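What follows is input_6.tsv (TSV, C-alpha atoms).
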```tsv
chain	number	residue	atom	x	y	z
A	22	MET	CA	-42.28	-6.14	61.71
A	23	SER	CA	-40.32	-7.89	59.01
A	24	THR	CA	-39.55	-11.53	58.48
A	25	ILE	CA	-36.16	-13.10	57.91
A	26	ILE	CA	-35.42	-16.16	55.77
A	27	THR	CA	-32.10	-17.75	56.72
A	28	GLY	CA	-30.36	-20.44	54.73
A	29	VAL	CA	-27.46	-22.68	55.71
A	30	PHE	CA	-25.29	-23.47	52.70
A	31	GLN	CA	-22.74	-26.13	51.82
A	32	ARG	CA	-19.15	-25.10	52.21
A	33	HIS	CA	-18.34	-25.44	48.51
A	34	SER	CA	-21.20	-23.13	47.55
A	35	ASP	CA	-20.13	-19.74	46.15
A	36	TYR	CA	-21.45	-16.95	48.37
A	37	LYS	CA	-20.51	-14.27	45.83
A	38	ARG	CA	-22.79	-15.93	43.26
A	39	LEU	CA	-25.56	-16.02	45.89
A	40	GLU	CA	-25.16	-12.28	46.52
A	41	ILE	CA	-25.36	-11.54	42.78
A	42	GLU	CA	-28.48	-13.67	42.35
A	43	LEU	CA	-30.19	-12.06	45.34
A	44	GLU	CA	-29.52	-8.62	43.89
A	45	MET	CA	-30.73	-9.74	40.45
A	46	ALA	CA	-33.93	-10.94	42.19
A	47	GLY	CA	-34.54	-7.39	43.42
A	48	PHE	CA	-32.98	-7.36	46.89
A	49	ASP	CA	-30.72	-4.48	47.91
A	50	ASN	CA	-27.41	-5.00	49.66
A	51	ALA	CA	-29.11	-3.71	52.84
A	52	ASP	CA	-31.76	-6.48	52.62
A	53	TYR	CA	-29.44	-9.43	53.26
A	54	ILE	CA	-26.45	-10.55	55.33
A	55	VAL	CA	-23.97	-13.28	54.42
A	56	TYR	CA	-22.31	-14.67	57.57
A	57	ILE	CA	-18.89	-16.10	56.75
A	58	THR	CA	-15.83	-16.89	58.83
A	59	GLU	CA	-12.22	-16.15	58.02
A	60	ASN	CA	-11.84	-19.79	57.03
A	61	HIS	CA	-15.00	-19.71	54.87
A	62	HIS	CA	-13.67	-22.17	52.29
A	63	ASP	CA	-13.76	-25.03	54.80
A	64	SER	CA	-17.03	-24.44	56.61
A	65	PRO	CA	-20.70	-23.97	55.80
A	66	TYR	CA	-22.03	-20.41	55.84
A	67	MET	CA	-25.39	-18.74	56.48
A	68	THR	CA	-27.32	-16.00	54.73
A	69	SER	CA	-30.31	-14.04	56.06
A	70	VAL	CA	-32.66	-12.08	53.81
A	71	GLN	CA	-35.37	-9.69	54.98
A	72	ILE	CA	-38.72	-10.16	53.24
A	73	THR	CA	-42.04	-8.34	53.43
A	74	ASN	CA	-44.40	-10.50	51.35
A	75	PRO	CA	-44.93	-14.12	50.19
A	76	GLU	CA	-43.66	-13.36	46.67
A	77	GLN	CA	-40.30	-12.30	48.08
A	78	GLU	CA	-40.18	-15.44	50.21
A	79	ASN	CA	-40.74	-17.62	47.14
A	80	GLU	CA	-38.00	-15.75	45.27
A	81	VAL	CA	-35.53	-16.14	48.15
A	82	ARG	CA	-36.27	-19.85	48.50
A	83	LYS	CA	-35.75	-20.27	44.75
A	84	VAL	CA	-32.38	-18.49	44.84
A	85	PHE	CA	-31.37	-20.49	47.93
A	86	ALA	CA	-32.29	-23.78	46.24
A	87	GLU	CA	-30.22	-22.89	43.19
A	88	ASN	CA	-27.21	-22.29	45.46
A	89	SER	CA	-27.09	-25.61	47.36
A	90	VAL	CA	-28.98	-24.65	50.49
A	91	LEU	CA	-28.88	-27.34	53.18
A	92	LYS	CA	-31.70	-26.01	55.35
A	93	THR	CA	-33.92	-22.92	55.39
A	94	TYR	CA	-35.39	-21.21	58.46
A	95	HIS	CA	-38.29	-18.76	58.59
A	96	ILE	CA	-37.85	-16.22	61.42
A	97	GLU	CA	-40.82	-13.94	62.04
A	98	ASN	CA	-40.81	-10.53	63.76
A	99	MET	CA	-37.14	-9.82	63.11
A	100	SER	CA	-35.60	-7.15	60.91
A	101	ILE	CA	-32.26	-7.42	59.17
A	102	SER	CA	-30.78	-4.92	61.64
A	103	GLN	CA	-31.60	-7.35	64.48
A	104	ALA	CA	-30.27	-10.39	62.62
A	105	SER	CA	-26.80	-10.62	64.09
A	106	TYR	CA	-25.01	-13.94	63.73
A	107	ALA	CA	-25.39	-14.72	67.44
A	108	THR	CA	-29.13	-13.96	67.46
A	109	VAL	CA	-29.86	-16.01	64.35
A	110	LYS	CA	-27.69	-18.89	65.57
A	111	LYS	CA	-29.56	-18.98	68.92
A	112	TYR	CA	-32.88	-19.10	67.06
A	113	ILE	CA	-31.68	-21.91	64.78
A	114	ASP	CA	-30.28	-23.91	67.71
A	115	ALA	CA	-33.57	-23.59	69.62
A	116	LYS	CA	-35.60	-24.51	66.52
A	117	ASN	CA	-33.47	-27.59	65.87
A	118	LYS	CA	-33.89	-28.77	69.46
A	119	THR	CA	-37.67	-28.67	69.15
A	120	GLU	CA	-37.85	-30.68	65.93
A	121	ILE	CA	-38.43	-34.39	66.18
A	122	HIS	CA	-36.00	-36.01	63.83
A	123	ALA	CA	-37.09	-39.11	61.97
A	124	SER	CA	-35.69	-42.28	63.42
A	125	PRO	CA	-33.99	-44.73	61.10
A	126	ASP	CA	-35.98	-47.60	59.68
A	127	LEU	CA	-36.12	-50.43	62.17
A	128	ARG	CA	-36.27	-54.04	61.13
A	129	PHE	CA	-37.96	-56.54	63.37
A	130	LYS	CA	-37.09	-60.18	63.08
A	131	GLY	CA	-39.82	-62.65	63.78
A	132	ALA	CA	-39.38	-65.30	66.42
A	133	THR	CA	-37.64	-68.44	65.29
A	134	GLU	CA	-38.68	-71.89	66.30
A	135	GLY	CA	-35.15	-72.92	67.09
A	136	MET	CA	-33.55	-76.11	65.82
A	137	ASP	CA	-35.81	-78.75	64.41
A	138	SER	CA	-35.38	-82.36	63.27
A	139	GLU	CA	-33.86	-81.30	59.92
A	140	VAL	CA	-30.62	-80.24	61.53
A	141	LYS	CA	-28.02	-82.97	61.46
A	142	PHE	CA	-24.91	-83.17	63.58
```
Write out the structure in this file as structure tokens.
Amino acid sequence: MSTIITGVFQRHSDYKRLEIELEMAGFDNADYIVYITENHHDSPYMTSVQITNPEQENEVRKVFAENSVLKTYHIENMSISQASYATVKKYIDAKNKTEIHASPDLRFKGATEGMDSEVKF
């Protein structure tokens, strides 16, 4: 079975340019899906590309990086015909729930000795 690489892109990224670059990289129109909404200028969009070998994966990741990808997901055992928006979104949601996100840096203050004889009232 095939593998899908899905990228989530910034809203100001040009999906038409992404399509052209994917086709220049050797992918047919039937090898990828760009998921956009009617109001695509104001929201992020996703693109899924079907790959069959590691060289294609590297090429897709390179094209994604050049087009302001926010996050990339590797979905195994899925073909492009099975990669509906709802199916891919469910996979991404489940994957995000399992990741442990890094907590912000915490600063610990040492104990203070309180007021000493140098404090004057």
Draw an axis-aligned box tight on the listed atoms of segment 104-120 of chain A, then pad every side by 4 Å and write out centre and edge lengths in Å to one decimal as lines of an AutoDock Vina configuration file.
```
center_x = -31.4
center_y = -20.5
center_z = 66.1
size_x = 20.8
size_y = 28.3
size_z = 15.0
```
Protein and nucleic acid residues near (-34.8, -18.9, 55.4) (cut-off 7 Å, all atoms listed in the file) as number ranges by chain = A: 25-28, 69, 93-95
Could the residues in this selection be saved with C-alpha atoms as a tab-separated table (two decimals), in the coordinates of the input?
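File out.tsv, as written:
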```
chain	number	residue	atom	x	y	z
A	25	ILE	CA	-36.16	-13.10	57.91
A	26	ILE	CA	-35.42	-16.16	55.77
A	27	THR	CA	-32.10	-17.75	56.72
A	28	GLY	CA	-30.36	-20.44	54.73
A	69	SER	CA	-30.31	-14.04	56.06
A	93	THR	CA	-33.92	-22.92	55.39
A	94	TYR	CA	-35.39	-21.21	58.46
A	95	HIS	CA	-38.29	-18.76	58.59
```
Among the residues A:Glu76, A:Lys111, A:Thr68, A:Ser100, the one that comes closest to Val29 of chain A [using all atoms listed in the file]
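Looking only at the distances to Val29 of chain A, the closest residue turns out to be A:Thr68.
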task = Find the spatial neighbours of segment 48-50 of chain A, counting only C-alpha atoms, within a cut-off of 12 Å - ignore same-chain residues fewer than 6 positions away - and output them as a PyMOL selection string.
result = chain A and resi 39-42+69-73+77-78+80-81+84+101
As a check of understanding: the span from atom CA of Lys118 of chain A to atom CA of Leu43 of chain A is 29.6 Å
Exercise. Would you mind telling me which residue in A:Tyr53, A:Phe85, A:Phe30, A:Tyr112 lies nearest to Tyr66 of chain A when using all atoms listed in the file?
Key: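 Ranked by minimum distance to Tyr66 of chain A, first place goes to A:Phe30.
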Among listed residues A:Ile113, A:Ala46, A:Ile96, A:Ala107, nearest Ser23 of chain A (using all atoms listed in the file):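 That would be A:Ile96, the residue with the smallest distance to Ser23 of chain A.
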For each of A:Arg38, A:Glu97, A:Ala115, A:Ala104, take the minimum atom-to-atom distance to Asn74 of chain A, counting all atoms listed in the file, then give the residue where this is smallest.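 Looking at the shortest contact to Asn74 of chain A, the residue is A:Glu97.
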